[in-house]
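Asks: Here you go, this is target.csv (CSV, C-alpha atoms).
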chain,number,residue,atom,x,y,z
A,22,MET,CA,52.9,-67.5,62.3
A,23,THR,CA,56.1,-65.6,62.1
A,24,LYS,CA,56.3,-61.8,62.7
A,25,LYS,CA,57.5,-61.3,59.1
A,26,VAL,CA,54.4,-63.1,57.8
A,27,ILE,CA,52.1,-61.1,60.0
A,28,LEU,CA,53.6,-57.8,58.9
A,29,SER,CA,53.3,-58.9,55.3
A,30,LEU,CA,49.6,-59.7,55.7
A,31,VAL,CA,49.1,-56.3,57.4
A,32,PHE,CA,50.8,-54.5,54.6
A,33,LEU,CA,48.7,-56.5,52.0
A,34,ALA,CA,45.5,-55.6,53.8
A,35,LEU,CA,46.5,-51.9,54.0
A,36,GLY,CA,47.4,-52.0,50.4
A,37,PHE,CA,44.1,-53.6,49.4
A,38,GLY,CA,42.3,-50.9,51.4
A,39,VAL,CA,44.1,-48.1,49.6
A,40,VAL,CA,43.3,-49.7,46.2
A,41,LYS,CA,39.7,-50.2,47.1
A,42,ALA,CA,39.4,-46.6,48.4
A,43,GLN,CA,41.0,-45.2,45.2
A,44,GLU,CA,39.1,-47.3,42.7
A,45,LEU,CA,35.9,-45.3,42.8
A,46,PRO,CA,35.7,-41.5,42.0
A,47,ASP,CA,34.7,-39.2,44.9
A,48,ARG,CA,31.0,-39.1,45.1
A,49,LYS,CA,30.9,-35.4,45.7
A,50,GLU,CA,33.0,-34.8,42.6
A,51,THR,CA,30.8,-37.1,40.5
A,52,LEU,CA,27.7,-35.2,41.6
A,53,GLN,CA,29.4,-31.9,41.1
A,54,ASN,CA,30.1,-32.8,37.5
A,55,MET,CA,26.5,-33.9,36.9
A,56,VAL,CA,25.2,-30.7,38.5
A,57,LYS,CA,27.5,-28.6,36.3
A,58,VAL,CA,26.4,-30.3,33.1
A,59,ASN,CA,22.8,-30.1,34.0
A,60,GLY,CA,23.1,-26.5,35.2
A,61,TYR,CA,24.5,-25.4,31.9
A,62,PHE,CA,21.6,-27.0,30.1
A,63,MET,CA,18.9,-25.7,32.4
A,64,LYS,CA,20.3,-22.2,32.2
A,65,LYS,CA,20.6,-22.2,28.4
A,66,TYR,CA,17.2,-23.8,27.9
A,67,ALA,CA,15.4,-22.2,30.8
A,68,ASP,CA,12.3,-21.8,28.5
A,69,TYR,CA,11.4,-25.5,28.2
A,70,ARG,CA,8.6,-24.5,25.8
A,71,THR,CA,11.0,-23.4,23.0
A,72,PRO,CA,10.9,-25.7,20.0
A,73,SER,CA,14.0,-26.6,18.1
A,74,PHE,CA,14.5,-25.3,14.6
A,75,VAL,CA,17.0,-27.5,12.9
A,76,LYS,CA,17.5,-28.0,9.1
A,77,ASN,CA,14.5,-25.8,8.4
A,78,VAL,CA,12.2,-28.0,10.5
A,79,THR,CA,10.5,-27.0,13.7
A,80,ARG,CA,10.4,-29.7,16.3
A,81,PRO,CA,8.5,-29.4,19.7
A,82,SER,CA,10.4,-29.8,22.9
A,83,ASN,CA,8.8,-33.2,23.8
A,84,ILE,CA,10.4,-35.3,21.1
A,85,TRP,CA,13.0,-38.0,21.8
A,86,THR,CA,16.0,-35.6,22.2
A,87,ARG,CA,14.4,-33.8,25.1
A,88,GLY,CA,12.8,-37.0,26.4
A,89,VAL,CA,16.3,-38.5,26.8
A,90,TYR,CA,17.4,-35.4,28.6
A,91,TYR,CA,14.6,-35.7,31.1
A,92,GLU,CA,15.5,-39.4,31.6
A,93,GLY,CA,18.8,-38.1,32.8
A,94,LEU,CA,17.3,-35.3,34.8
A,95,MET,CA,15.0,-37.8,36.7
A,96,ALA,CA,18.1,-40.0,37.3
A,97,LEU,CA,19.9,-37.0,38.8
A,98,TYR,CA,16.8,-36.1,40.8
A,99,SER,CA,16.8,-39.6,42.3
A,100,ILE,CA,20.2,-38.9,44.0
A,101,SER,CA,19.9,-35.2,44.4
A,102,PRO,CA,16.2,-34.3,44.8
A,103,ARG,CA,16.3,-30.6,44.3
A,104,ASP,CA,13.0,-28.8,43.9
A,105,GLU,CA,14.2,-26.9,40.8
A,106,TYR,CA,14.8,-30.2,39.0
A,107,TYR,CA,11.3,-31.5,39.7
A,108,LYS,CA,9.7,-28.2,38.8
A,109,TYR,CA,11.6,-28.0,35.5
A,110,ALA,CA,10.3,-31.5,34.6
A,111,VAL,CA,6.7,-30.9,35.8
A,112,ASP,CA,6.5,-27.5,34.1
A,113,TRP,CA,7.7,-29.1,30.8
A,114,ALA,CA,5.2,-32.0,31.1
A,115,ASN,CA,2.4,-29.6,32.0
A,116,TYR,CA,3.2,-27.4,29.0
A,117,HIS,CA,2.9,-30.4,26.7
A,118,GLU,CA,-0.3,-31.6,28.5
A,119,TRP,CA,1.4,-34.9,29.4
A,120,GLY,CA,1.1,-35.9,25.7
A,121,TYR,CA,3.0,-36.5,22.5
A,122,ARG,CA,3.9,-34.7,19.4
A,123,ASN,CA,1.5,-36.7,17.3
A,124,GLY,CA,-1.0,-37.6,19.9
A,125,THR,CA,-2.1,-40.8,21.5
A,126,THR,CA,-2.3,-42.6,18.2
A,127,THR,CA,1.3,-42.3,17.3
A,128,ARG,CA,3.3,-45.4,16.7
A,129,ASN,CA,6.6,-43.5,16.5
A,130,ALA,CA,8.8,-44.2,19.6
A,131,ASP,CA,10.5,-40.8,19.1
A,132,ASP,CA,7.2,-39.4,20.1
A,133,TYR,CA,6.3,-41.5,23.1
A,134,CYS,CA,9.8,-41.5,24.6
A,135,ALA,CA,8.6,-38.7,26.8
A,136,GLY,CA,6.3,-41.2,28.5
A,137,GLN,CA,9.2,-42.5,30.5
A,138,THR,CA,9.4,-39.2,32.4
A,139,TYR,CA,5.7,-38.8,32.6
A,140,ILE,CA,5.5,-42.2,34.4
A,141,ASP,CA,8.4,-41.2,36.7
A,142,LEU,CA,6.6,-38.0,37.6
A,143,TYR,CA,3.4,-39.9,38.2
A,144,ASN,CA,5.2,-42.2,40.6
A,145,ILE,CA,6.2,-39.2,42.6
A,146,CYS,CA,2.8,-37.6,42.5
A,147,PRO,CA,0.1,-40.1,41.3
A,148,ASP,CA,-2.2,-37.7,39.5
A,149,PRO,CA,-4.1,-39.9,36.9
A,150,GLU,CA,-3.8,-37.2,34.3
A,151,ARG,CA,-0.1,-37.6,34.2
A,152,ILE,CA,-0.3,-41.0,32.6
A,153,ARG,CA,-3.7,-40.9,30.9
A,154,LYS,CA,-2.4,-40.3,27.5
A,155,VAL,CA,0.6,-42.5,28.0
A,156,LYS,CA,-1.7,-45.4,28.8
A,157,ALA,CA,-4.0,-44.6,25.9
A,158,ASN,CA,-1.1,-44.8,23.5
A,159,LEU,CA,0.3,-48.0,24.9
A,160,ASP,CA,-3.1,-49.7,24.9
A,161,MET,CA,-3.4,-48.8,21.3
A,162,LEU,CA,0.0,-50.4,20.6
A,163,VAL,CA,-0.8,-53.4,22.6
A,164,ASN,CA,-4.2,-54.0,21.0
A,165,THR,CA,-3.0,-53.7,17.4
A,166,PRO,CA,-1.1,-56.5,15.7
A,167,GLN,CA,1.9,-54.6,14.4
A,168,VAL,CA,5.3,-55.5,15.9
A,169,ASN,CA,7.5,-53.8,13.3
A,170,ASP,CA,7.5,-50.3,14.7
A,171,TRP,CA,11.0,-50.3,16.0
A,172,TRP,CA,12.8,-50.6,12.6
A,173,TRP,CA,15.8,-48.5,13.8
A,174,ILE,CA,17.5,-49.6,17.0
A,175,ASP,CA,17.4,-46.1,18.6
A,176,ALA,CA,13.7,-46.7,19.0
A,177,ILE,CA,14.3,-49.6,21.4
A,178,GLN,CA,15.5,-47.1,24.0
A,179,MET,CA,12.9,-44.5,23.2
A,180,GLY,CA,10.0,-46.9,23.4
A,181,MET,CA,10.8,-50.1,25.2
A,182,PRO,CA,11.1,-48.7,28.8
A,183,VAL,CA,7.7,-47.0,28.5
A,184,PHE,CA,6.1,-50.5,28.3
A,185,ALA,CA,8.3,-51.8,31.1
A,186,LYS,CA,7.4,-48.9,33.4
A,187,MET,CA,3.6,-49.2,32.6
A,188,GLY,CA,3.7,-52.9,33.2
A,189,LYS,CA,5.3,-52.4,36.6
A,190,LEU,CA,2.9,-49.6,37.5
A,191,THR,CA,-0.3,-51.6,36.5
A,192,GLY,CA,0.9,-55.1,37.2
A,193,ASP,CA,-0.5,-56.0,33.7
A,194,GLU,CA,1.7,-58.4,31.8
A,195,LYS,CA,0.3,-57.4,28.5
A,196,TYR,CA,2.7,-54.5,28.4
A,197,PHE,CA,5.7,-56.8,29.0
A,198,ASP,CA,4.4,-59.2,26.3
A,199,LYS,CA,4.0,-56.6,23.7
A,200,MET,CA,7.4,-55.1,24.5
A,201,TRP,CA,9.0,-58.5,24.0
A,202,ASP,CA,7.2,-59.1,20.7
A,203,MET,CA,8.4,-55.7,19.3
A,204,TYR,CA,11.9,-56.2,20.6
A,205,ALA,CA,12.2,-59.7,19.3
A,206,TYR,CA,11.0,-58.6,15.8
A,207,THR,CA,13.7,-55.9,15.6
A,208,ARG,CA,16.3,-58.3,17.0
A,209,ASN,CA,15.5,-61.4,15.0
A,210,THR,CA,13.4,-60.6,11.9
A,211,HIS,CA,13.7,-57.0,10.6
A,212,GLY,CA,15.9,-56.7,7.6
A,213,GLU,CA,17.6,-59.9,6.5
A,214,LYS,CA,18.0,-61.7,9.8
A,215,GLY,CA,17.3,-59.1,12.4
A,216,MET,CA,19.3,-56.1,13.6
A,217,TYR,CA,21.3,-58.1,16.2
A,218,ASN,CA,24.4,-60.1,15.3
A,219,PRO,CA,24.8,-62.7,18.0
A,220,LYS,CA,28.2,-63.7,16.7
A,221,GLU,CA,29.6,-60.3,17.5
A,222,GLY,CA,27.2,-59.1,20.2
A,223,LEU,CA,26.3,-55.9,18.5
A,224,TRP,CA,23.5,-54.3,16.5
A,225,TRP,CA,23.2,-52.8,13.1
A,226,ARG,CA,21.5,-49.5,13.3
A,227,ASP,CA,18.8,-50.4,10.7
A,228,HIS,CA,18.4,-52.5,7.5
A,229,ASP,CA,20.6,-50.0,5.5
A,230,PHE,CA,23.6,-51.4,7.4
A,231,ASP,CA,22.9,-55.1,7.1
A,232,PRO,CA,25.5,-57.1,5.2
A,233,PRO,CA,26.7,-56.8,2.5
A,234,TYR,CA,27.2,-53.2,3.8
A,235,LYS,CA,30.7,-52.9,5.3
A,236,GLU,CA,32.9,-50.2,6.8
A,237,PRO,CA,35.9,-49.0,4.8
A,238,ASN,CA,38.1,-51.5,6.6
A,239,GLY,CA,35.8,-54.4,5.5
A,240,LYS,CA,34.1,-55.0,8.9
A,241,ASN,CA,30.5,-54.7,10.0
A,242,CYS,CA,29.2,-51.2,10.7
A,243,TYR,CA,28.2,-50.9,14.4
A,244,TRP,CA,27.4,-47.3,15.3
A,245,SER,CA,28.4,-46.5,18.8
A,246,ARG,CA,25.4,-44.5,20.0
A,247,GLY,CA,22.9,-46.8,18.3
A,248,ASN,CA,24.3,-49.7,20.3
A,249,GLY,CA,24.3,-47.5,23.3
A,250,TRP,CA,20.6,-46.9,22.9
A,251,VAL,CA,19.9,-50.7,23.0
A,252,TYR,CA,22.3,-51.2,25.9
A,253,ALA,CA,20.5,-48.4,27.9
A,254,ALA,CA,17.1,-49.8,27.0
A,255,LEU,CA,18.1,-53.2,28.4
A,256,VAL,CA,19.1,-51.6,31.7
A,257,ARG,CA,16.0,-49.5,31.9
A,258,VAL,CA,13.8,-52.6,31.2
A,259,LEU,CA,15.6,-54.9,33.6
A,260,GLU,CA,15.3,-52.2,36.3
A,261,GLU,CA,11.5,-52.4,36.0
A,262,ILE,CA,10.4,-55.9,35.2
A,263,PRO,CA,10.0,-58.5,37.9
A,264,SER,CA,12.6,-61.3,38.6
A,265,ASP,CA,10.2,-63.9,37.2
A,266,GLU,CA,9.2,-62.1,34.0
A,267,LYS,CA,9.2,-64.7,31.3
A,268,HIS,CA,11.8,-63.0,29.1
A,269,ARG,CA,14.1,-61.5,31.7
A,270,ALA,CA,16.7,-64.2,31.1
A,271,ASP,CA,16.7,-63.3,27.4
A,272,TYR,CA,17.3,-59.6,28.1
A,273,VAL,CA,20.1,-60.5,30.6
A,274,ALA,CA,21.8,-62.7,28.1
A,275,ASP,CA,21.8,-59.9,25.5
A,276,PHE,CA,23.0,-57.4,28.0
A,277,VAL,CA,25.9,-59.6,29.1
A,278,ALA,CA,26.9,-60.4,25.5
A,279,MET,CA,26.7,-56.8,24.5
A,280,SER,CA,28.8,-55.8,27.5
A,281,LYS,CA,31.7,-58.0,26.4
A,282,ALA,CA,31.5,-56.8,22.8
A,283,ILE,CA,31.4,-53.2,24.0
A,284,LYS,CA,34.3,-53.6,26.4
A,285,ASP,CA,36.5,-55.1,23.6
A,286,CYS,CA,36.0,-52.0,21.5
A,287,GLN,CA,37.1,-49.4,24.0
A,288,ARG,CA,39.7,-46.8,22.9
A,289,LYS,CA,43.0,-46.5,24.8
A,290,ASP,CA,41.9,-43.1,26.1
A,291,GLY,CA,38.7,-44.5,27.6
A,292,PHE,CA,36.2,-43.3,25.0
A,293,TRP,CA,34.6,-45.2,22.2
A,294,ASN,CA,34.7,-44.3,18.5
A,295,VAL,CA,31.5,-43.6,16.6
A,296,SER,CA,32.3,-46.6,14.5
A,297,MET,CA,32.9,-49.5,16.9
A,298,HIS,CA,34.8,-51.8,14.5
A,299,ASP,CA,36.5,-49.2,12.3
A,300,GLU,CA,38.6,-46.4,14.0
A,301,SER,CA,39.6,-45.2,10.5
A,302,ASN,CA,36.0,-44.2,9.7
A,303,TYR,CA,35.6,-40.8,11.5
A,304,GLY,CA,37.5,-42.1,14.5
A,305,GLY,CA,37.9,-40.1,17.6
A,306,LYS,CA,36.3,-39.4,21.0
A,307,GLU,CA,32.5,-39.5,21.2
A,308,THR,CA,30.7,-38.7,24.5
A,309,SER,CA,27.1,-39.8,24.0
A,310,GLY,CA,27.9,-43.4,23.1
A,311,THR,CA,30.5,-43.5,25.8
A,312,SER,CA,28.1,-42.2,28.3
A,313,LEU,CA,25.5,-44.9,27.5
A,314,PHE,CA,28.1,-47.6,27.8
A,315,VAL,CA,29.3,-46.3,31.2
A,316,TYR,CA,25.6,-46.2,32.3
A,317,GLY,CA,25.1,-49.8,31.3
A,318,MET,CA,28.3,-51.2,32.7
A,319,ALA,CA,28.0,-49.4,36.0
A,320,TRP,CA,24.5,-50.7,36.4
A,321,GLY,CA,25.6,-54.2,35.5
A,322,VAL,CA,28.4,-54.1,38.0
A,323,ARG,CA,26.2,-52.7,40.7
A,324,ASN,CA,23.5,-55.3,40.1
A,325,GLY,CA,25.9,-58.3,39.9
A,326,LEU,CA,25.4,-59.1,36.3
A,327,LEU,CA,29.0,-58.0,35.3
A,328,ASP,CA,32.2,-59.1,37.0
A,329,ARG,CA,33.4,-56.1,39.0
A,330,LYS,CA,37.1,-56.8,38.5
A,331,GLU,CA,36.7,-57.0,34.7
A,332,TYR,CA,34.3,-54.2,34.1
A,333,LEU,CA,34.9,-51.6,36.8
A,334,PRO,CA,38.3,-50.5,35.3
A,335,VAL,CA,36.7,-50.1,31.9
A,336,LEU,CA,33.8,-48.0,33.0
A,337,LEU,CA,35.9,-45.9,35.3
A,338,LYS,CA,38.4,-45.2,32.7
A,339,ALA,CA,35.6,-44.0,30.4
A,340,TRP,CA,33.9,-41.9,33.1
A,341,ASN,CA,37.2,-40.2,34.2
A,342,ALA,CA,38.0,-39.5,30.5
A,343,MET,CA,34.7,-37.8,29.9
A,344,VAL,CA,35.0,-35.7,33.1
A,345,LYS,CA,38.5,-34.7,32.2
A,346,GLU,CA,38.2,-34.2,28.4
A,347,ALA,CA,34.5,-33.6,27.6
A,348,VAL,CA,33.1,-31.5,30.4
A,349,HIS,CA,33.9,-27.8,29.9
A,350,PRO,CA,34.3,-25.5,33.0
A,351,ASN,CA,30.9,-24.0,32.4
A,352,GLY,CA,29.2,-27.4,32.0
A,353,PHE,CA,29.0,-27.6,28.2
A,354,LEU,CA,29.6,-31.1,27.0
A,355,GLY,CA,32.1,-31.6,24.2
A,356,TRP,CA,32.9,-34.5,21.8
A,357,VAL,CA,29.2,-35.2,21.3
A,358,GLN,CA,28.1,-36.4,17.9
A,359,GLY,CA,24.9,-34.6,16.7
A,360,THR,CA,21.9,-36.4,15.4
A,361,GLY,CA,22.2,-39.0,12.7
A,362,LYS,CA,22.5,-42.7,12.3
A,363,GLU,CA,26.0,-43.5,11.3
A,364,PRO,CA,29.7,-42.5,11.7
A,365,LYS,CA,29.7,-39.8,9.0
A,366,ASP,CA,26.7,-37.9,10.3
A,367,SER,CA,27.2,-34.6,12.2
A,368,GLN,CA,30.9,-34.6,11.6
A,369,PRO,CA,33.3,-33.3,12.7
A,370,VAL,CA,32.9,-34.2,16.4
A,371,THR,CA,35.0,-31.8,18.4
A,372,TYR,CA,35.5,-30.5,21.9
A,373,ASP,CA,33.9,-27.1,21.1
A,374,LYS,CA,31.2,-27.8,18.6
A,375,VAL,CA,27.7,-27.0,19.6
A,376,ILE,CA,25.6,-29.7,18.0
A,377,ASP,CA,22.1,-29.5,16.5
A,378,PHE,CA,20.4,-30.8,19.7
A,379,GLU,CA,22.2,-30.4,23.0
A,380,ASP,CA,19.7,-32.2,25.1
A,381,PHE,CA,20.2,-35.9,24.5
A,382,GLY,CA,24.0,-35.7,25.1
A,383,ALA,CA,23.4,-34.2,28.5
A,384,GLY,CA,20.8,-36.8,29.3
A,385,CYS,CA,23.1,-39.6,28.5
A,386,PHE,CA,25.9,-38.1,30.7
A,387,LEU,CA,23.5,-37.7,33.6
A,388,LEU,CA,22.4,-41.4,33.3
A,389,ALA,CA,26.0,-42.5,33.4
A,390,GLY,CA,26.9,-40.2,36.3
A,391,THR,CA,24.0,-41.4,38.4
A,392,GLU,CA,25.1,-45.0,38.1
A,393,VAL,CA,28.7,-44.2,38.8
A,394,TYR,CA,27.6,-42.3,41.8
A,395,LYS,CA,25.7,-45.3,43.1
A,396,LEU,CA,28.7,-47.6,42.9
A,397,GLU,CA,30.1,-48.8,46.3
Written as structure tokens, that's how I'd like the structure from this file.
Replies:
Amino acid sequence: MTKKVILSLVFLALGFGVVKAQELPDRKETLQNMVKVNGYFMKKYADYRTPSFVKNVTRPSNIWTRGVYYEGLMALYSISPRDEYYKYAVDWANYHEWGYRNGTTTRNADDYCAGQTYIDLYNICPDPERIRKVKANLDMLVNTPQVNDWWWIDAIQMGMPVFAKMGKLTGDEKYFDKMWDMYAYTRNTHGEKGMYNPKEGLWWRDHDFDPPYKEPNGKNCYWSRGNGWVYAALVRVLEEIPSDEKHRADYVADFVAMSKAIKDCQRKDGFWNVSMHDESNYGGKETSGTSLFVYGMAWGVRNGLLDRKEYLPVLLKAWNAMVKEAVHPNGFLGWVQGTGKEPKDSQPVTYDKVIDFEDFGAGCFLLAGTEVYKLE
């Protein structure tokens, strides 16, 4: 081997090392941004008991919006186990008596979303009272025939991981089986032919958006955050169920198909629009959907389900864009669409707008950041 060839190989190796070193954001900076966003929220909402009063309706602080925040907080706690985070979660759960807005007989996933955090806290300190009501609710759902509860796709994220976590905790497959039955109904049956379009790898938010409904540009309406909810749910389920669970391959197939479809919709600036196939319909940056897509892609890359070369640049572009353009110096999170179900809701989406519920956006960002932090 000639000296020239050897030198070329050395330079290539050094170059590869530089590229590899630069491809991931600094872990300290990633954590700092998460701590900043979470710190803003915990300071502003230091009284976790305070209900939300929005549109002349009072909502307790254990509904889905806050449940999603605590999903993010528990993710942050897993990489930065500060006592204040644990206490904030436990005090909140204690205040709500480890229960739900409408009790253990509720069929509404927006209610039992909080069960995800209750189970996480039980796994840290296994006091049976922490999951007594969660289990009572799930057993009711398992032992009744209805499978059509998740008629809007947001509910898949709110409810599905609770079943997965309880199944893992108890070792009882009945929770996995019921979870699949409910997921499959929403996917394949609800509405005309189900909420999932396998041809495009994306989900309609609910039956109101089934064809013949179209976006202004004539394409199908796929709401960014709604698809983000399903994407995150698949991650959270795959994280819990065993490798030989009978429907694991089905969940993986949906996750991979969604990943490709989501990747193909990314904006040039790294974010995703609220309307995934129509940038003219309230187009612009949106942080909550983008966070959920980063969360899923980072998890997929880290667990070998998504090709690193193909997806890492996509998710890092999105993460870096959010850090640079959405995170305010004080930790406030901009470009978040408020509650709703379609592109026109809670508009305009801006850098400075304080939305109706600040909690779920922060939770989505923390989920994303945790997975980016774990990348190697």
Asks: Rounded to one decimal in Å, what is the spacing between atom CA of A:Asn144 and atom CA of A:Thr191?
Replies: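 It comes out at 11.6 Å.
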Asks: Identify, on the basis of all atoms listed in the file, every residue whose closest approach to A:Lys365 does not exceed 10 Å; exclude the query and any residue fewer than 2 positions from it along the same chain; express the result as number ranges by chain.
Replies: A: 295-296, 302-304, 358, 361-363, 367-370
Asks: Go ahead and save the picked residues with C-alpha atoms, as a PDB file, in the frame of the given file.
Replies:
ATOM      1  CA  VAL A 295      31.500 -43.600  16.600  1.00  0.00           C
ATOM      2  CA  SER A 296      32.300 -46.600  14.500  1.00  0.00           C
ATOM      3  CA  ASN A 302      36.000 -44.200   9.700  1.00  0.00           C
ATOM      4  CA  TYR A 303      35.600 -40.800  11.500  1.00  0.00           C
ATOM      5  CA  GLY A 304      37.500 -42.100  14.500  1.00  0.00           C
ATOM      6  CA  GLN A 358      28.100 -36.400  17.900  1.00  0.00           C
ATOM      7  CA  GLY A 361      22.200 -39.000  12.700  1.00  0.00           C
ATOM      8  CA  LYS A 362      22.500 -42.700  12.300  1.00  0.00           C
ATOM      9  CA  GLU A 363      26.000 -43.500  11.300  1.00  0.00           C
ATOM     10  CA  SER A 367      27.200 -34.600  12.200  1.00  0.00           C
ATOM     11  CA  GLN A 368      30.900 -34.600  11.600  1.00  0.00           C
ATOM     12  CA  PRO A 369      33.300 -33.300  12.700  1.00  0.00           C
ATOM     13  CA  VAL A 370      32.900 -34.200  16.400  1.00  0.00           C
TER      14      VAL A 370
END
Asks: Could you pull the residues within 8 Å of stretch 93-99 of chain A, counting only C-alpha atoms, minus those fewer than 2 positions along the same chain, as a list in words?
Replies: Met55, Asn59, Val89, Tyr90, Tyr91, Ser101, Pro102, Arg103, Tyr106, Tyr107, Ala110, Thr138, Asp141, Ala383, Gly384, Cys385, Phe386, Leu387, Leu388 and Thr391 of chain A
Asks: What is the distance, in Å and to one decimal place, between atom CA of A:Asp373 and atom CA of A:Leu354?
Replies: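 Computing it gives 8.3 Å between the two atoms.
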Asks: Counting all atoms listed in the file, which residues in stretch 312-369 of chain A sit no more than 8 Å from stretch 253-267 of chain A? For each one, give the nearest pair of atoms and the distance in Å, sorted by chain then residue number, as JSON lines.
Replies:
{"residue": "A:Leu313", "atom": "CA", "partner": "A:Ala253", "partner_atom": "CA", "distance": 6.1}
{"residue": "A:Phe314", "atom": "CA", "partner": "A:Ala253", "partner_atom": "CA", "distance": 7.6}
{"residue": "A:Tyr316", "atom": "CA", "partner": "A:Ala253", "partner_atom": "CA", "distance": 7.1}
{"residue": "A:Gly317", "atom": "CA", "partner": "A:Ala253", "partner_atom": "CA", "distance": 5.9}
{"residue": "A:Trp320", "atom": "CA", "partner": "A:Val256", "partner_atom": "CA", "distance": 7.2}
{"residue": "A:Gly321", "atom": "CA", "partner": "A:Val256", "partner_atom": "CA", "distance": 8.0}
Asks: Between atom CA of A:Tyr109 and atom CA of A:Ala157, what is the distance, to one decimal in Å?
Replies: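 Atom-to-atom, atom CA of A:Tyr109 to atom CA of A:Ala157, that is 24.7 Å.
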Asks: For A:Thr126, which residue among A:Lys289, A:Lys284, A:Lys65, A:Lys154 is the nearest when counting all atoms listed in the file?
Replies: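 So, comparing all the options, the nearest one is A:Lys154.
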Asks: Please produce, as a tab-separated table, a per-residue contact table for stretch 53-108 of chain A versus stretch 168-189 of chain A (criterion: any atom at most 10 Å away, only C-alpha atoms considered), showing the nearest atom pair and its distance in Å to one decimal, sorted by chain then residue number.
Replies:
residue	atom	partner	partner_atom	distance
A:Ile84	CA	A:Met179	CA	9.8
A:Trp85	CA	A:Met179	CA	6.6
A:Thr86	CA	A:Met179	CA	9.5
A:Gly88	CA	A:Met179	CA	8.2
A:Val89	CA	A:Met179	CA	7.8
Asks: Please determine, counting only C-alpha atoms, which residue among A:Phe62, A:Tyr204, A:Trp340, A:Tyr139 has the shortest atom-to-atom distance to A:Gln167.
Replies: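 Ranked by minimum distance to A:Gln167, first place goes to A:Tyr204.
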Asks: Have a look at A:Phe353, A:His211, A:Asp112, A:Val56 and name the one nearest to A:Asp68; count only C-alpha atoms.
Replies: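 The shortest atom-to-atom distance to A:Asp68 comes from A:Asp112.
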Asks: Between A:Val251, A:Lys395, A:Arg128, A:His298, which is the closest to A:Asn324 once you count all atoms listed in the file?
Replies: A:Lys395
Asks: Determine the nearest neighbour of A:Met63 from the options A:Glu236, A:Glu213, A:Glu105, A:Asp227, counting all atoms listed in the file.
Replies: A:Glu105
Asks: So which residues touch stretch 119-125 of chain A within 10 Å, counting all atoms listed in the file, skipping near sequence neighbours fewer than 3 positions away, as a PyMOL selection string?
Replies: chain A and resi 80-85+111+113-116+128-129+131-136+138-140+150-162
Asks: So which residues fall inside 7 Å of (37.6, -46.4, 40.2) if we count all atoms listed in the file? Mind giving them as a list in words?
Replies: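 Residues with an atom at most 7 Å from (37.6, -46.4, 40.2): Gln43, Glu44, Leu45, Pro46, Leu333, Pro334 and Leu337 of chain A.
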Asks: Just C-alpha atoms for this one: save the residues we selected as a compact mmCIF listing (two decimals), in the frame of the given file.
Replies:
# COMPACT_ATOMS: atom_id res chain seq x y z
CA GLN A 43 41.00 -45.20 45.20
CA GLU A 44 39.10 -47.30 42.70
CA LEU A 45 35.90 -45.30 42.80
CA PRO A 46 35.70 -41.50 42.00
CA LEU A 333 34.90 -51.60 36.80
CA PRO A 334 38.30 -50.50 35.30
CA LEU A 337 35.90 -45.90 35.30
Asks: What lies within 9 Å of A:Cys242 using only C-alpha atoms, ignoring chain neighbours under 6 positions off, as an MDAnalysis selection string?
Replies: chainID A and resid 224:226 230:232 234:236 296:299 363:364
Asks: Measuring atom to atom with only C-alpha atoms, identify which of A:Gly222, A:Pro237, A:Gly382, A:Pro147 is nearest to A:Ala347.
Replies: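 Closest candidate: A:Gly382.
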Asks: List as a list in words: which residues have an atom within 10 Å of (37.0, -47.1, 25.1), counting only C-alpha atoms?
Replies: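 Answer for this query, in the requested form: Ile283, Lys284, Asp285, Cys286, Gln287, Arg288, Lys289, Asp290, Gly291, Phe292, Trp293, Asn294, Met297, Lys306, Glu307, Thr311, Phe314, Val315, Val335, Leu336, Lys338, Ala339 and Ala342 of chain A.
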Asks: Where atoms are absent from stretch 244-251 of chain A, fill them in so it carries N, CA and C atoms, then output it as a short mmCIF file (atom, residue, chain, number, x, y, z; two decimals), in the coordinates of the input.
Replies:
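Dumped everything to result-v7.cif:
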data_model
loop_
_atom_site.label_atom_id
_atom_site.label_comp_id
_atom_site.auth_asym_id
_atom_site.auth_seq_id
_atom_site.Cartn_x
_atom_site.Cartn_y
_atom_site.Cartn_z
N TRP A 244 27.31 -48.71 14.87
CA TRP A 244 27.40 -47.30 15.30
C TRP A 244 27.32 -47.27 16.82
N SER A 245 28.23 -46.52 17.40
CA SER A 245 28.40 -46.50 18.80
C SER A 245 27.11 -46.09 19.56
N ARG A 246 26.55 -44.93 19.23
CA ARG A 246 25.40 -44.50 20.00
C ARG A 246 24.18 -45.38 19.75
N GLY A 247 24.04 -45.92 18.55
CA GLY A 247 22.90 -46.80 18.30
C GLY A 247 23.00 -48.04 19.22
N ASN A 248 24.19 -48.63 19.38
CA ASN A 248 24.30 -49.70 20.30
C ASN A 248 24.16 -49.26 21.74
N GLY A 249 24.56 -48.02 22.00
CA GLY A 249 24.30 -47.50 23.30
C GLY A 249 22.86 -47.36 23.67
N TRP A 250 22.05 -47.01 22.68
CA TRP A 250 20.60 -46.90 22.90
C TRP A 250 20.04 -48.29 23.34
N VAL A 251 20.42 -49.34 22.62
CA VAL A 251 19.90 -50.70 23.00
C VAL A 251 20.41 -51.07 24.37
#
